[in-house]
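Right, one structure below, let's go through it.
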Amino acid sequence: MTTSAAGQPLIPQPPATIAALRQAVRQIAPAALPAFTQELDQAADQSRQGSDLAPLQRFVAQWAVYVHIQRQPEMAADLRRWEDAAESGNAVQARQAASRIGRLLDDAHVAVGLPAR
């Protein structure tokens with residue numbers, strides 16, 4: 001991952017296109033590129049089989065949110081901490097973590113121009 005000034009995004013938010021999102025993932029989270037490619041292939045297959053663009057639209061939305069979060073190191077670190085807390089085995093802590101993760105994802109959806117989940 002590339003570095004940035006404290007509190008600044010690593011890269012600008014790219015347009016919500018497959019090519020732009022692929023390039024962003026390549027820059028900020030190269031380890032996620034195989035998952036990006038695999039999920040893109042699955043969404044394209046589902047779209048072809050169903051003659052429906054919804055799987056590709058969901059793919060683009062999901063990865064736009066992922067890029068929005070990952071391009072901001074503090075936000076990405078917060079998400080990882082809350083994900084770890086959700087797996088702690090403590091029910092109260094897991095509920096709190098799920099709530100925080102939900103708010104973070106809702107905020108990311110809105111930031112990329114999508115309705116909150």
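In the structure tokens, chains take letters A, B, ... by order of appearance, with residues numbered from 1 within each chain and ligands from 1 in the order shown.
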
Check your understanding: Looking only at the backbone, which of the residues in region 7-114 of chain A does DSSP tag as helix (DSSP H, G or I), as a PyMOL selection string?
Key -> chain A and resi 18-28+30-50+54-70+73-86+91-111

Practice item. Name the residues in contact with Gln72 (chain A) at a cut-off of 8 Å, using only C-alpha atoms, excluding same-chain residues fewer than 3 positions from it; report them as number ranges by chain. Key: A: 7-10, 68-69, 75-76

Written selection (N, CA, C and O atoms) as a PDB file, in the first residue's frame:
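Listing of again-v8.pdb after writing:
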ATOM      1  N   GLY A   7      -4.075  11.469   7.647  1.00  0.00           N
ATOM      2  CA  GLY A   7      -5.472  11.793   7.460  1.00  0.00           C
ATOM      3  C   GLY A   7      -5.905  11.980   6.024  1.00  0.00           C
ATOM      4  O   GLY A   7      -7.077  12.203   5.771  1.00  0.00           O
ATOM      5  N   GLN A   8      -5.010  11.899   5.083  1.00  0.00           N
ATOM      6  CA  GLN A   8      -5.344  12.096   3.674  1.00  0.00           C
ATOM      7  C   GLN A   8      -5.533  10.750   2.981  1.00  0.00           C
ATOM      8  O   GLN A   8      -4.805   9.805   3.249  1.00  0.00           O
ATOM      9  N   PRO A   9      -6.497  10.674   2.054  1.00  0.00           N
ATOM     10  CA  PRO A   9      -6.664   9.439   1.289  1.00  0.00           C
ATOM     11  C   PRO A   9      -5.406   9.143   0.475  1.00  0.00           C
ATOM     12  O   PRO A   9      -4.710  10.051   0.034  1.00  0.00           O
ATOM     13  N   LEU A  10      -5.139   7.862   0.283  1.00  0.00           N
ATOM     14  CA  LEU A  10      -3.982   7.444  -0.514  1.00  0.00           C
ATOM     15  C   LEU A  10      -4.130   7.860  -1.970  1.00  0.00           C
ATOM     16  O   LEU A  10      -3.152   8.218  -2.627  1.00  0.00           O
ATOM     17  N   HIS A  68     -13.234   2.962  -1.327  1.00  0.00           N
ATOM     18  CA  HIS A  68     -13.426   4.155  -0.490  1.00  0.00           C
ATOM     19  C   HIS A  68     -12.810   3.944   0.895  1.00  0.00           C
ATOM     20  O   HIS A  68     -12.137   4.837   1.417  1.00  0.00           O
ATOM     21  N   ILE A  69     -13.042   2.797   1.461  1.00  0.00           N
ATOM     22  CA  ILE A  69     -12.513   2.512   2.797  1.00  0.00           C
ATOM     23  C   ILE A  69     -11.007   2.290   2.755  1.00  0.00           C
ATOM     24  O   ILE A  69     -10.263   2.875   3.552  1.00  0.00           O
ATOM     25  N   MET A  75      -9.495   4.707   8.348  1.00  0.00           N
ATOM     26  CA  MET A  75     -10.805   4.067   8.237  1.00  0.00           C
ATOM     27  C   MET A  75     -10.647   2.558   8.044  1.00  0.00           C
ATOM     28  O   MET A  75     -11.373   1.767   8.664  1.00  0.00           O
ATOM     29  N   ALA A  76      -9.699   2.167   7.207  1.00  0.00           N
ATOM     30  CA  ALA A  76      -9.458   0.737   6.976  1.00  0.00           C
ATOM     31  C   ALA A  76      -9.001   0.053   8.266  1.00  0.00           C
ATOM     32  O   ALA A  76      -9.444  -1.058   8.567  1.00  0.00           O
TER      33      ALA A  76
END

Practice item. One decimal, Å: what's the distance from CA of Arg48 (chain A) over to CA of Ala108 (chain A), could you say? Key: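 For CA of Arg48 (chain A) relative to CA of Ala108 (chain A), the distance reads 28.6 Å.
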
Review point. Quick one: residues within 12 Å of Gln62 (chain A), only C-alpha atoms counted, chain neighbours fewer than 4 positions away excluded, as a list in words?
Key: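 Once the nearby chain positions are removed, what remains is Ala16, Thr17, Ile18, Leu21, Phe36, Glu39, Leu40, Ala43, Pro55, Leu56, Gln57, Arg58, Tyr66, Val67, His68, Ile69, Leu105, Asp106, Ala108, His109, Val112, Leu114 and Arg117 of chain A.
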
Check your understanding: What lies within 12 Å of Arg22 (chain A) using only C-alpha atoms, ignoring chain neighbours under 5 positions off, as a ChimeraX atom specification?
Key -> /A:14-17,27-40,59-60,63-64,66-67

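The two atoms in question, CA of Ala98 (chain A) and CA of Ala86 (chain A), are spaced 6.4 Å apart.
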
Exercise for review: Could you jot down the CA of Ala24 (chain A) to CA of Ala111 (chain A) separation for me, Å, one decimal place?
Suggested key: 16.4 Å
